[in-house]
$ cat final26.pdb   # PDB, C-alpha atoms
ATOM      1  CA  MET A 838      -1.169 -11.729 -10.411
ATOM      2  CA  SER A 839       1.417 -14.035  -8.835
ATOM      3  CA  LYS A 840       2.542 -13.625  -5.244
ATOM      4  CA  TYR A 841       6.046 -12.680  -6.475
ATOM      5  CA  TYR A 842       4.842  -9.698  -8.491
ATOM      6  CA  LEU A 843       2.386  -8.604  -5.822
ATOM      7  CA  ASN A 844       5.228  -8.646  -3.322
ATOM      8  CA  LEU A 845       7.386  -6.516  -5.639
ATOM      9  CA  ASP A 846       4.529  -3.978  -5.841
ATOM     10  CA  LEU A 847       4.276  -3.793  -2.053
ATOM     11  CA  CYS A 848       8.020  -3.871  -1.543
ATOM     12  CA  PHE A 849       8.960  -1.075  -3.975
ATOM     13  CA  SER A 850       5.976   1.037  -2.869
ATOM     14  CA  ALA A 851       7.018   0.614   0.764
ATOM     15  CA  LEU A 852      10.564   1.724  -0.137
ATOM     16  CA  GLY A 853       9.248   4.867  -1.840
ATOM     17  CA  ASP A 854       8.773   6.745   1.429
ATOM     18  CA  PRO A 855      11.548   8.451   3.454
ATOM     19  CA  THR A 856      10.082   7.515   6.876
ATOM     20  CA  ARG A 857       9.907   3.856   5.894
ATOM     21  CA  ARG A 858      13.443   3.875   4.467
ATOM     22  CA  MET A 859      14.696   5.460   7.725
ATOM     23  CA  ILE A 860      13.034   2.659   9.725
ATOM     24  CA  LEU A 861      14.733   0.057   7.518
ATOM     25  CA  GLN A 862      18.089   1.856   7.803
ATOM     26  CA  ARG A 863      17.760   1.763  11.599
ATOM     27  CA  LEU A 864      16.743  -1.925  11.627
ATOM     28  CA  ALA A 865      19.712  -2.875   9.428
ATOM     29  CA  TRP A 866      21.793  -2.194  12.568
ATOM     30  CA  GLY A 867      19.664  -4.538  14.707
ATOM     31  CA  GLU A 868      16.213  -5.037  16.196
ATOM     32  CA  ALA A 869      14.396  -2.196  17.978
ATOM     33  CA  THR A 870      11.159  -1.653  19.873
ATOM     34  CA  VAL A 871       8.357   0.362  18.295
ATOM     35  CA  SER A 872       8.953   3.201  20.794
ATOM     36  CA  GLU A 873      12.688   3.285  20.011
ATOM     37  CA  LEU A 874      11.876   3.524  16.312
ATOM     38  CA  ALA A 875       9.057   6.050  16.719
ATOM     39  CA  GLN A 876      11.066   8.535  18.817
ATOM     40  CA  HIS A 877      13.065   9.639  15.750
ATOM     41  CA  HIS A 878       9.938  10.534  13.812
ATOM     42  CA  ASP A 879       7.852  13.594  14.468
ATOM     43  CA  MET A 880       4.408  12.067  13.920
ATOM     44  CA  ALA A 881       1.495  10.610  15.875
ATOM     45  CA  LEU A 882       1.890   6.947  16.873
ATOM     46  CA  PRO A 883      -1.057   5.732  14.722
ATOM     47  CA  SER A 884       0.546   7.270  11.611
ATOM     48  CA  PHE A 885       3.867   5.710  12.527
ATOM     49  CA  MET A 886       2.172   2.313  13.007
ATOM     50  CA  GLU A 887       0.712   2.622   9.495
ATOM     51  CA  HIS A 888       4.246   2.869   8.120
ATOM     52  CA  LEU A 889       5.287  -0.224  10.087
ATOM     53  CA  LYS A 890       2.218  -2.105   8.809
ATOM     54  CA  LYS A 891       3.207  -1.335   5.209
ATOM     55  CA  LEU A 892       6.736  -2.578   5.858
ATOM     56  CA  GLU A 893       5.383  -5.807   7.362
ATOM     57  CA  ALA A 894       2.901  -6.323   4.505
ATOM     58  CA  ALA A 895       5.820  -5.965   2.077
ATOM     59  CA  ASN A 896       7.835  -8.652   3.944
ATOM     60  CA  LEU A 897      10.515  -6.110   4.754
ATOM     61  CA  VAL A 898      10.032  -6.088   8.522
ATOM     62  CA  LYS A 899       8.737  -8.596  11.041
ATOM     63  CA  SER A 900       7.704  -7.958  14.597
ATOM     64  CA  LYS A 901       6.951  -9.927  17.738
ATOM     65  CA  LYS A 902       5.313  -8.994  21.005
ATOM     66  CA  GLU A 903       7.239  -9.510  24.236
ATOM     67  CA  GLY A 904       4.979  -8.596  27.156
ATOM     68  CA  ARG A 905       3.772  -5.089  26.417
ATOM     69  CA  THR A 906       6.599  -4.341  24.015
ATOM     70  CA  ARG A 907       6.574  -4.889  20.263
ATOM     71  CA  ILE A 908      10.019  -5.612  18.847
ATOM     72  CA  CYS A 909      10.754  -5.110  15.152
ATOM     73  CA  GLU A 910      13.520  -6.528  13.024
ATOM     74  CA  LEU A 911      14.467  -6.680   9.382
ATOM     75  CA  ALA A 912      12.850  -9.710   7.717
ATOM     76  CA  PRO A 913      15.329 -12.365   6.523
ATOM     77  CA  ASP A 914      16.456 -11.548   2.976
ATOM     78  CA  ALA A 915      14.215  -8.482   3.111
ATOM     79  CA  PHE A 916      15.846  -6.784   0.129
ATOM     80  CA  THR A 917      16.478  -9.854  -2.045
ATOM     81  CA  PRO A 918      13.370  -9.690  -4.322
ATOM     82  CA  ALA A 919      13.900  -5.982  -5.072
ATOM     83  CA  LYS A 920      17.666  -6.397  -5.587
ATOM     84  CA  ASP A 921      17.127  -9.428  -7.837
ATOM     85  CA  TRP A 922      14.612  -7.611 -10.035
ATOM     86  CA  LEU A 923      16.885  -4.568 -10.423
ATOM     87  CA  SER A 924      19.958  -6.720 -11.125
ATOM     88  CA  GLU A 925      18.076  -8.731 -13.744
ATOM     89  CA  GLN A 926      17.052  -5.608 -15.675
ATOM     90  CA  SER A 927      20.543  -4.085 -15.369
ATOM     91  CA  ALA A 928      22.104  -7.298 -16.703
ATOM     92  CA  ILE A 929      19.798  -7.315 -19.759
ATOM     93  CA  TRP A 930      20.491  -3.630 -20.390
ATOM     94  CA  GLU A 931      24.269  -3.913 -19.965
ATOM     95  CA  GLY A 932      24.296  -7.013 -22.190
ATOM     96  CA  ARG A 933      22.548  -5.007 -24.875
ATOM     97  CA  LEU A 934      25.069  -2.152 -24.544
ATOM     98  CA  ASP A 935      27.950  -4.664 -24.811
ATOM     99  CA  ARG A 936      26.421  -6.182 -27.960
ATOM    100  CA  SER A 937      25.973  -2.697 -29.371
ATOM    101  CA  ASP A 938      29.661  -1.887 -28.579
ATOM    102  CA  ASP A 939      30.731  -5.109 -30.322
ATOM    103  CA  TYR A 940      28.626  -4.213 -33.344
ATOM    104  CA  ILE A 941      30.227  -0.746 -33.617
ATOM    105  CA  LYS A 942      33.740  -2.205 -33.150
ATOM    106  CA  ASN A 943      33.106  -4.791 -35.893
ATOM    107  CA  LEU A 944      31.723  -2.099 -38.178
ATOM    108  CA  MET A 945      34.808   0.087 -37.650
ATOM    109  CA  GLN A 946      37.119  -2.880 -38.268
ATOM    110  CA  GLU A 947      35.266  -3.717 -41.484
ATOM    111  CA  ARG A 948      35.576  -0.112 -42.663
ATOM    112  CA  SER A 949      39.292   0.149 -41.867
ATOM    113  CA  LYS A 950      40.035  -2.940 -44.001
TER     114      LYS A 950
ATOM    115  CA  MET B 164      15.141  17.059   1.531
ATOM    116  CA  SER B 165      18.157  16.509  -0.732
ATOM    117  CA  LYS B 166      17.778  15.710  -4.426
ATOM    118  CA  TYR B 167      19.215  12.221  -3.791
ATOM    119  CA  TYR B 168      16.509  11.249  -1.299
ATOM    120  CA  LEU B 169      13.754  12.859  -3.338
ATOM    121  CA  ASN B 170      14.914  10.827  -6.330
ATOM    122  CA  LEU B 171      14.837   7.611  -4.250
ATOM    123  CA  ASP B 172      11.223   8.416  -3.271
ATOM    124  CA  LEU B 173      10.228   8.892  -6.910
ATOM    125  CA  CYS B 174      12.302   5.952  -8.117
ATOM    126  CA  PHE B 175      11.027   3.332  -5.648
ATOM    127  CA  SER B 176       7.449   4.619  -5.953
ATOM    128  CA  ALA B 177       7.693   4.364  -9.743
ATOM    129  CA  LEU B 178       8.951   0.776  -9.424
ATOM    130  CA  GLY B 179       5.988  -0.171  -7.208
ATOM    131  CA  ASP B 180       3.609  -0.578 -10.128
ATOM    132  CA  PRO B 181       3.421  -3.602 -12.482
ATOM    133  CA  THR B 182       2.713  -1.551 -15.636
ATOM    134  CA  ARG B 183       5.738   0.651 -14.995
ATOM    135  CA  ARG B 184       7.976  -2.351 -14.258
ATOM    136  CA  MET B 185       6.794  -3.965 -17.524
ATOM    137  CA  ILE B 186       7.749  -0.804 -19.442
ATOM    138  CA  LEU B 187      11.215  -0.861 -17.848
ATOM    139  CA  GLN B 188      11.593  -4.590 -18.586
ATOM    140  CA  ARG B 189      10.791  -3.898 -22.248
ATOM    141  CA  LEU B 190      13.174  -0.920 -22.429
ATOM    142  CA  ALA B 191      16.012  -2.966 -20.927
ATOM    143  CA  TRP B 192      16.051  -4.740 -24.328
ATOM    144  CA  GLY B 193      16.333  -1.446 -26.246
ATOM    145  CA  GLU B 194      14.524   1.778 -27.111
ATOM    146  CA  ALA B 195      10.889   1.754 -28.239
ATOM    147  CA  THR B 196       8.277   4.230 -29.435
ATOM    148  CA  VAL B 197       5.377   5.147 -27.157
ATOM    149  CA  SER B 198       2.955   3.258 -29.455
ATOM    150  CA  GLU B 199       5.131   0.115 -29.375
ATOM    151  CA  LEU B 200       5.175   0.273 -25.589
ATOM    152  CA  ALA B 201       1.476   1.107 -25.215
ATOM    153  CA  GLN B 202       0.218  -1.753 -27.408
ATOM    154  CA  HIS B 203       1.023  -4.316 -24.691
ATOM    155  CA  HIS B 204      -1.104  -2.514 -22.111
ATOM    156  CA  ASP B 205      -4.860  -2.549 -22.069
ATOM    157  CA  MET B 206      -5.443   1.063 -21.039
ATOM    158  CA  ALA B 207      -6.287   4.450 -22.541
ATOM    159  CA  LEU B 208      -3.289   6.366 -23.936
ATOM    160  CA  PRO B 209      -3.569   9.250 -21.388
ATOM    161  CA  SER B 210      -3.330   6.749 -18.502
ATOM    162  CA  PHE B 211      -0.374   5.063 -20.166
ATOM    163  CA  MET B 212       1.324   8.453 -20.647
ATOM    164  CA  GLU B 213       0.902   9.131 -16.917
ATOM    165  CA  HIS B 214       2.948   5.999 -16.204
ATOM    166  CA  LEU B 215       5.658   7.160 -18.622
ATOM    167  CA  LYS B 216       5.685  10.608 -16.977
ATOM    168  CA  LYS B 217       6.286   9.026 -13.561
ATOM    169  CA  LEU B 218       9.149   6.955 -14.983
ATOM    170  CA  GLU B 219      10.712  10.082 -16.510
ATOM    171  CA  ALA B 220      10.259  12.101 -13.295
ATOM    172  CA  ALA B 221      12.069   9.296 -11.433
ATOM    173  CA  ASN B 222      15.028   9.443 -13.886
ATOM    174  CA  LEU B 223      14.333   5.868 -14.956
ATOM    175  CA  VAL B 224      13.325   6.598 -18.545
ATOM    176  CA  LYS B 225      14.167   9.373 -20.988
ATOM    177  CA  SER B 226      12.402  10.173 -24.233
ATOM    178  CA  LYS B 227      12.987  12.255 -27.336
ATOM    179  CA  LYS B 228      10.709  13.338 -30.140
ATOM    180  CA  GLU B 229      11.605  12.396 -33.713
ATOM    181  CA  GLY B 230       9.054  13.983 -36.053
ATOM    182  CA  ARG B 231       5.692  12.822 -34.767
ATOM    183  CA  THR B 232       7.116   9.867 -32.881
ATOM    184  CA  ARG B 233       8.246   9.859 -29.260
ATOM    185  CA  ILE B 234      11.023   7.356 -28.588
ATOM    186  CA  CYS B 235      11.707   6.103 -25.075
ATOM    187  CA  GLU B 236      14.802   4.498 -23.645
ATOM    188  CA  LEU B 237      16.128   3.471 -20.267
ATOM    189  CA  ALA B 238      17.978   6.377 -18.616
ATOM    190  CA  PRO B 239      21.728   5.806 -18.187
ATOM    191  CA  ASP B 240      22.373   4.080 -14.848
ATOM    192  CA  ALA B 241      18.615   4.105 -14.257
ATOM    193  CA  PHE B 242      18.732   1.514 -11.486
ATOM    194  CA  THR B 243      21.972   2.576  -9.781
ATOM    195  CA  PRO B 244      20.527   4.768  -6.963
ATOM    196  CA  ALA B 245      17.968   2.098  -5.966
ATOM    197  CA  LYS B 246      20.520  -0.738  -6.208
ATOM    198  CA  ASP B 247      23.077   1.246  -4.198
ATOM    199  CA  TRP B 248      20.613   2.007  -1.412
ATOM    200  CA  LEU B 249      19.514  -1.644  -1.151
ATOM    201  CA  SER B 250      23.108  -2.940  -1.251
ATOM    202  CA  GLU B 251      24.159  -0.503   1.468
ATOM    203  CA  GLN B 252      21.429  -1.683   3.847
ATOM    204  CA  SER B 253      22.112  -5.355   3.041
ATOM    205  CA  ALA B 254      25.828  -4.862   3.738
ATOM    206  CA  ILE B 255      25.123  -3.291   7.153
ATOM    207  CA  TRP B 256      22.649  -6.057   7.995
ATOM    208  CA  GLU B 257      24.933  -8.901   6.864
ATOM    209  CA  GLY B 258      27.862  -7.340   8.727
ATOM    210  CA  ARG B 259      25.755  -7.356  11.872
ATOM    211  CA  LEU B 260      24.826 -11.022  11.368
ATOM    212  CA  ASP B 261      28.497 -11.906  10.852
ATOM    213  CA  ARG B 262      29.461 -10.068  14.045
ATOM    214  CA  SER B 263      26.658 -11.867  15.880
ATOM    215  CA  ASP B 264      27.933 -15.242  14.532
ATOM    216  CA  ASP B 265      31.464 -14.390  15.698
ATOM    217  CA  TYR B 266      30.133 -13.446  19.138
ATOM    218  CA  ILE B 267      28.292 -16.770  19.497
ATOM    219  CA  LYS B 268      31.347 -18.722  18.264
ATOM    220  CA  ASN B 269      33.596 -16.921  20.772
ATOM    221  CA  LEU B 270      31.087 -17.533  23.550
ATOM    222  CA  MET B 271      30.965 -21.262  22.750
ATOM    223  CA  GLN B 272      34.781 -21.463  22.614
ATOM    224  CA  GLU B 273      35.004 -19.704  25.984
ATOM    225  CA  ARG B 274      32.509 -22.162  27.482
ATOM    226  CA  SER B 275      34.235 -25.237  26.078
ATOM    227  CA  LYS B 276      37.562 -24.217  27.675
TER     228      LYS B 276
END
$ encode --input "final26.pdb" --output "structure tokens"
Amino acid sequence: MSKYYLNLDLCFSALGDPTRRMILQRLAWGEATVSELAQHHDMALPSFMEHLKKLEAANLVKSKKEGRTRICELAPDAFTPAKDWLSEQSAIWEGRLDRSDDYIKNLMQERSK
Amino acid sequence: MSKYYLNLDLCFSALGDPTRRMILQRLAWGEATVSELAQHHDMALPSFMEHLKKLEAANLVKSKKEGRTRICELAPDAFTPAKDWLSEQSAIWEGRLDRSDDYIKNLMQERSK
């Protein structure tokens, strides 16, 4: 499987969890340390770190260590692959609906003649 | 948890699998019977039906029975909740980057005075 599709698997799966979406929502406002992020979630640190790992594996978040502190931020263009895939399918689907509308319009015009 | 967030969980999780994305990609072109959909996937019918069930539970696909045939189609506005969530986060993130750009520009203007 290509890297693109594998990344979509990881990306959509990572988005399918409320804790992980809350982390992303927080990071959309700017970078944060792991402790700042973790304090809003009622779970043990190792479980919280698992969520962060999944977000990093999916290229949604990146982190760097500064001294003893790990700082997380949204990865550049984090949401682009997921948005592109969804937009592509919507465009195909809407195009089909438009063609179907045209077909019905033409049919009605033919009948009214 | 509200219905909206629960649906996002189901929706993104459903999208995190290549078989399920292939089904959606096919249905974007128009409705199809379960057998038409299943023939492109090398798996037992019960496993394939599990994928369809997850897509229906996530409000991505709907199906109806006509005689002995089950016909599937993309649910109306199937991708809207996922697209909206992603666009919202992107908008917040891009707004922050713009503000950060403005801040740096102002700082450089101040310094050059």
$ calpha_fit_and_write --input "final26.pdb" --fixed "chain B" --moving "chain A" --output "PDB file with C-alpha atoms, keeping the file's coordinate frame"
ATOM      1  CA  MET A 838      15.121  17.138   1.503  1.00  0.00           C
ATOM      2  CA  SER A 839      18.139  16.552  -0.742  1.00  0.00           C
ATOM      3  CA  LYS A 840      17.771  15.746  -4.423  1.00  0.00           C
ATOM      4  CA  TYR A 841      19.211  12.254  -3.777  1.00  0.00           C
ATOM      5  CA  TYR A 842      16.508  11.290  -1.292  1.00  0.00           C
ATOM      6  CA  LEU A 843      13.747  12.881  -3.340  1.00  0.00           C
ATOM      7  CA  ASN A 844      14.913  10.853  -6.316  1.00  0.00           C
ATOM      8  CA  LEU A 845      14.844   7.649  -4.244  1.00  0.00           C
ATOM      9  CA  ASP A 846      11.230   8.448  -3.270  1.00  0.00           C
ATOM     10  CA  LEU A 847      10.232   8.902  -6.909  1.00  0.00           C
ATOM     11  CA  CYS A 848      12.305   5.980  -8.109  1.00  0.00           C
ATOM     12  CA  PHE A 849      11.037   3.357  -5.634  1.00  0.00           C
ATOM     13  CA  SER A 850       7.450   4.631  -5.957  1.00  0.00           C
ATOM     14  CA  ALA A 851       7.699   4.383  -9.743  1.00  0.00           C
ATOM     15  CA  LEU A 852       8.968   0.792  -9.412  1.00  0.00           C
ATOM     16  CA  GLY A 853       6.014  -0.147  -7.197  1.00  0.00           C
ATOM     17  CA  ASP A 854       3.624  -0.553 -10.123  1.00  0.00           C
ATOM     18  CA  PRO A 855       3.433  -3.594 -12.452  1.00  0.00           C
ATOM     19  CA  THR A 856       2.723  -1.542 -15.617  1.00  0.00           C
ATOM     20  CA  ARG A 857       5.755   0.646 -14.980  1.00  0.00           C
ATOM     21  CA  ARG A 858       7.995  -2.349 -14.239  1.00  0.00           C
ATOM     22  CA  MET A 859       6.815  -3.977 -17.503  1.00  0.00           C
ATOM     23  CA  ILE A 860       7.762  -0.811 -19.423  1.00  0.00           C
ATOM     24  CA  LEU A 861      11.226  -0.867 -17.833  1.00  0.00           C
ATOM     25  CA  GLN A 862      11.612  -4.596 -18.559  1.00  0.00           C
ATOM     26  CA  ARG A 863      10.793  -3.917 -22.219  1.00  0.00           C
ATOM     27  CA  LEU A 864      13.186  -0.939 -22.416  1.00  0.00           C
ATOM     28  CA  ALA A 865      16.032  -2.984 -20.909  1.00  0.00           C
ATOM     29  CA  TRP A 866      16.067  -4.761 -24.299  1.00  0.00           C
ATOM     30  CA  GLY A 867      16.358  -1.473 -26.224  1.00  0.00           C
ATOM     31  CA  GLU A 868      14.541   1.741 -27.088  1.00  0.00           C
ATOM     32  CA  ALA A 869      10.897   1.712 -28.217  1.00  0.00           C
ATOM     33  CA  THR A 870       8.285   4.182 -29.417  1.00  0.00           C
ATOM     34  CA  VAL A 871       5.381   5.112 -27.159  1.00  0.00           C
ATOM     35  CA  SER A 872       2.963   3.208 -29.437  1.00  0.00           C
ATOM     36  CA  GLU A 873       5.143   0.076 -29.356  1.00  0.00           C
ATOM     37  CA  LEU A 874       5.184   0.240 -25.565  1.00  0.00           C
ATOM     38  CA  ALA A 875       1.488   1.073 -25.195  1.00  0.00           C
ATOM     39  CA  GLN A 876       0.225  -1.800 -27.377  1.00  0.00           C
ATOM     40  CA  HIS A 877       1.033  -4.347 -24.642  1.00  0.00           C
ATOM     41  CA  HIS A 878      -1.085  -2.534 -22.080  1.00  0.00           C
ATOM     42  CA  ASP A 879      -4.846  -2.581 -22.037  1.00  0.00           C
ATOM     43  CA  MET A 880      -5.451   1.035 -21.010  1.00  0.00           C
ATOM     44  CA  ALA A 881      -6.281   4.419 -22.523  1.00  0.00           C
ATOM     45  CA  LEU A 882      -3.295   6.337 -23.929  1.00  0.00           C
ATOM     46  CA  PRO A 883      -3.573   9.218 -21.397  1.00  0.00           C
ATOM     47  CA  SER A 884      -3.329   6.733 -18.503  1.00  0.00           C
ATOM     48  CA  PHE A 885      -0.375   5.056 -20.166  1.00  0.00           C
ATOM     49  CA  MET A 886       1.318   8.454 -20.651  1.00  0.00           C
ATOM     50  CA  GLU A 887       0.903   9.117 -16.916  1.00  0.00           C
ATOM     51  CA  HIS A 888       2.949   5.995 -16.203  1.00  0.00           C
ATOM     52  CA  LEU A 889       5.659   7.151 -18.620  1.00  0.00           C
ATOM     53  CA  LYS A 890       5.686  10.602 -16.984  1.00  0.00           C
ATOM     54  CA  LYS A 891       6.294   9.014 -13.573  1.00  0.00           C
ATOM     55  CA  LEU A 892       9.160   6.959 -14.982  1.00  0.00           C
ATOM     56  CA  GLU A 893      10.718  10.080 -16.516  1.00  0.00           C
ATOM     57  CA  ALA A 894      10.271  12.111 -13.312  1.00  0.00           C
ATOM     58  CA  ALA A 895      12.078   9.320 -11.445  1.00  0.00           C
ATOM     59  CA  ASN A 896      15.027   9.444 -13.905  1.00  0.00           C
ATOM     60  CA  LEU A 897      14.336   5.875 -14.947  1.00  0.00           C
ATOM     61  CA  VAL A 898      13.343   6.608 -18.540  1.00  0.00           C
ATOM     62  CA  LYS A 899      14.164   9.357 -21.007  1.00  0.00           C
ATOM     63  CA  SER A 900      12.405  10.153 -24.230  1.00  0.00           C
ATOM     64  CA  LYS A 901      12.981  12.208 -27.353  1.00  0.00           C
ATOM     65  CA  LYS A 902      10.698  13.292 -30.153  1.00  0.00           C
ATOM     66  CA  GLU A 903      11.593  12.348 -33.720  1.00  0.00           C
ATOM     67  CA  GLY A 904       9.040  13.911 -36.067  1.00  0.00           C
ATOM     68  CA  ARG A 905       5.675  12.762 -34.780  1.00  0.00           C
ATOM     69  CA  THR A 906       7.111   9.820 -32.883  1.00  0.00           C
ATOM     70  CA  ARG A 907       8.239   9.805 -29.263  1.00  0.00           C
ATOM     71  CA  ILE A 908      11.024   7.318 -28.587  1.00  0.00           C
ATOM     72  CA  CYS A 909      11.723   6.083 -25.062  1.00  0.00           C
ATOM     73  CA  GLU A 910      14.819   4.482 -23.632  1.00  0.00           C
ATOM     74  CA  LEU A 911      16.154   3.463 -20.261  1.00  0.00           C
ATOM     75  CA  ALA A 912      17.996   6.379 -18.627  1.00  0.00           C
ATOM     76  CA  PRO A 913      21.752   5.822 -18.178  1.00  0.00           C
ATOM     77  CA  ASP A 914      22.390   4.100 -14.839  1.00  0.00           C
ATOM     78  CA  ALA A 915      18.635   4.125 -14.257  1.00  0.00           C
ATOM     79  CA  PHE A 916      18.742   1.536 -11.479  1.00  0.00           C
ATOM     80  CA  THR A 917      21.976   2.616  -9.769  1.00  0.00           C
ATOM     81  CA  PRO A 918      20.521   4.809  -6.950  1.00  0.00           C
ATOM     82  CA  ALA A 919      17.973   2.143  -5.954  1.00  0.00           C
ATOM     83  CA  LYS A 920      20.521  -0.698  -6.190  1.00  0.00           C
ATOM     84  CA  ASP A 921      23.080   1.296  -4.184  1.00  0.00           C
ATOM     85  CA  TRP A 922      20.612   2.051  -1.392  1.00  0.00           C
ATOM     86  CA  LEU A 923      19.512  -1.596  -1.138  1.00  0.00           C
ATOM     87  CA  SER A 924      23.105  -2.880  -1.231  1.00  0.00           C
ATOM     88  CA  GLU A 925      24.155  -0.436   1.484  1.00  0.00           C
ATOM     89  CA  GLN A 926      21.425  -1.620   3.865  1.00  0.00           C
ATOM     90  CA  SER A 927      22.105  -5.294   3.067  1.00  0.00           C
ATOM     91  CA  ALA A 928      25.820  -4.799   3.769  1.00  0.00           C
ATOM     92  CA  ILE A 929      25.107  -3.221   7.183  1.00  0.00           C
ATOM     93  CA  TRP A 930      22.647  -5.994   8.030  1.00  0.00           C
ATOM     94  CA  GLU A 931      24.921  -8.832   6.886  1.00  0.00           C
ATOM     95  CA  GLY A 932      27.848  -7.252   8.756  1.00  0.00           C
ATOM     96  CA  ARG A 933      25.751  -7.270  11.900  1.00  0.00           C
ATOM     97  CA  LEU A 934      24.808 -10.940  11.387  1.00  0.00           C
ATOM     98  CA  ASP A 935      28.501 -11.817  10.869  1.00  0.00           C
ATOM     99  CA  ARG A 936      29.452  -9.996  14.084  1.00  0.00           C
ATOM    100  CA  SER A 937      26.657 -11.806  15.886  1.00  0.00           C
ATOM    101  CA  ASP A 938      27.931 -15.176  14.506  1.00  0.00           C
ATOM    102  CA  ASP A 939      31.453 -14.320  15.699  1.00  0.00           C
ATOM    103  CA  TYR A 940      30.112 -13.434  19.131  1.00  0.00           C
ATOM    104  CA  ILE A 941      28.271 -16.777  19.438  1.00  0.00           C
ATOM    105  CA  LYS A 942      31.335 -18.710  18.188  1.00  0.00           C
ATOM    106  CA  ASN A 943      33.574 -16.947  20.737  1.00  0.00           C
ATOM    107  CA  LEU A 944      31.054 -17.623  23.489  1.00  0.00           C
ATOM    108  CA  MET A 945      30.931 -21.337  22.613  1.00  0.00           C
ATOM    109  CA  GLN A 946      34.736 -21.522  22.501  1.00  0.00           C
ATOM    110  CA  GLU A 947      34.968 -19.844  25.908  1.00  0.00           C
ATOM    111  CA  ARG A 948      32.459 -22.314  27.353  1.00  0.00           C
ATOM    112  CA  SER A 949      34.191 -25.385  25.911  1.00  0.00           C
ATOM    113  CA  LYS A 950      37.495 -24.379  27.560  1.00  0.00           C
TER     114      LYS A 950
END
$ interface_residues --input "final26.pdb" --of "chain A" --to "chain B" --cutoff "12 Å" --atoms "all atoms listed in the file" --output "ChimeraX atom specification"
/A:838-839,841-868,895,897,910-937
$ write_last_selection --input "final26.pdb" --atoms "C-alpha atoms" --output "compact mmCIF listing (two decimals), in the frame of the given file"
# COMPACT_ATOMS: atom_id res chain seq x y z
CA MET A 838 -1.17 -11.73 -10.41
CA SER A 839 1.42 -14.04 -8.84
CA TYR A 841 6.05 -12.68 -6.48
CA TYR A 842 4.84 -9.70 -8.49
CA LEU A 843 2.39 -8.60 -5.82
CA ASN A 844 5.23 -8.65 -3.32
CA LEU A 845 7.39 -6.52 -5.64
CA ASP A 846 4.53 -3.98 -5.84
CA LEU A 847 4.28 -3.79 -2.05
CA CYS A 848 8.02 -3.87 -1.54
CA PHE A 849 8.96 -1.08 -3.98
CA SER A 850 5.98 1.04 -2.87
CA ALA A 851 7.02 0.61 0.76
CA LEU A 852 10.56 1.72 -0.14
CA GLY A 853 9.25 4.87 -1.84
CA ASP A 854 8.77 6.74 1.43
CA PRO A 855 11.55 8.45 3.45
CA THR A 856 10.08 7.52 6.88
CA ARG A 857 9.91 3.86 5.89
CA ARG A 858 13.44 3.88 4.47
CA MET A 859 14.70 5.46 7.72
CA ILE A 860 13.03 2.66 9.72
CA LEU A 861 14.73 0.06 7.52
CA GLN A 862 18.09 1.86 7.80
CA ARG A 863 17.76 1.76 11.60
CA LEU A 864 16.74 -1.92 11.63
CA ALA A 865 19.71 -2.88 9.43
CA TRP A 866 21.79 -2.19 12.57
CA GLY A 867 19.66 -4.54 14.71
CA GLU A 868 16.21 -5.04 16.20
CA ALA A 895 5.82 -5.96 2.08
CA LEU A 897 10.52 -6.11 4.75
CA GLU A 910 13.52 -6.53 13.02
CA LEU A 911 14.47 -6.68 9.38
CA ALA A 912 12.85 -9.71 7.72
CA PRO A 913 15.33 -12.36 6.52
CA ASP A 914 16.46 -11.55 2.98
CA ALA A 915 14.22 -8.48 3.11
CA PHE A 916 15.85 -6.78 0.13
CA THR A 917 16.48 -9.85 -2.04
CA PRO A 918 13.37 -9.69 -4.32
CA ALA A 919 13.90 -5.98 -5.07
CA LYS A 920 17.67 -6.40 -5.59
CA ASP A 921 17.13 -9.43 -7.84
CA TRP A 922 14.61 -7.61 -10.04
CA LEU A 923 16.89 -4.57 -10.42
CA SER A 924 19.96 -6.72 -11.12
CA GLU A 925 18.08 -8.73 -13.74
CA GLN A 926 17.05 -5.61 -15.68
CA SER A 927 20.54 -4.08 -15.37
CA ALA A 928 22.10 -7.30 -16.70
CA ILE A 929 19.80 -7.32 -19.76
CA TRP A 930 20.49 -3.63 -20.39
CA GLU A 931 24.27 -3.91 -19.96
CA GLY A 932 24.30 -7.01 -22.19
CA ARG A 933 22.55 -5.01 -24.88
CA LEU A 934 25.07 -2.15 -24.54
CA ASP A 935 27.95 -4.66 -24.81
CA ARG A 936 26.42 -6.18 -27.96
CA SER A 937 25.97 -2.70 -29.37
$ axis_aligned_box --input "final26.pdb" --around "range 848-853 of chain A" --padding-each-side "4 Å" --output "AutoDock Vina command-line options"
--center_x 8.3 --center_y 0.5 --center_z -1.6 --size_x 12.6 --size_y 16.7 --size_z 12.7
$ atom_distance --input "final26.pdb" --atom1 "CA of Leu882 in chain A" --atom2 "CA of Asn896 in chain A"
21.1 Å
$ atom_distance --input "final26.pdb" --atom1 "CA of His214 in chain B" --atom2 "CA of Cys235 in chain B"
12.5 Å
$ atom_distance --input "final26.pdb" --atom1 "CA of Ile234 in chain B" --atom2 "CA of Asp938 in chain A"
20.8 Å
$ residues_around --input "final26.pdb" --residues "Ser198 in chain B" --least-positions-apart "3" --cutoff "9 Å" --atoms "only C-alpha atoms" --output "NGL selection string"
:B and (195 or 201-202 or 208 or 232-233)
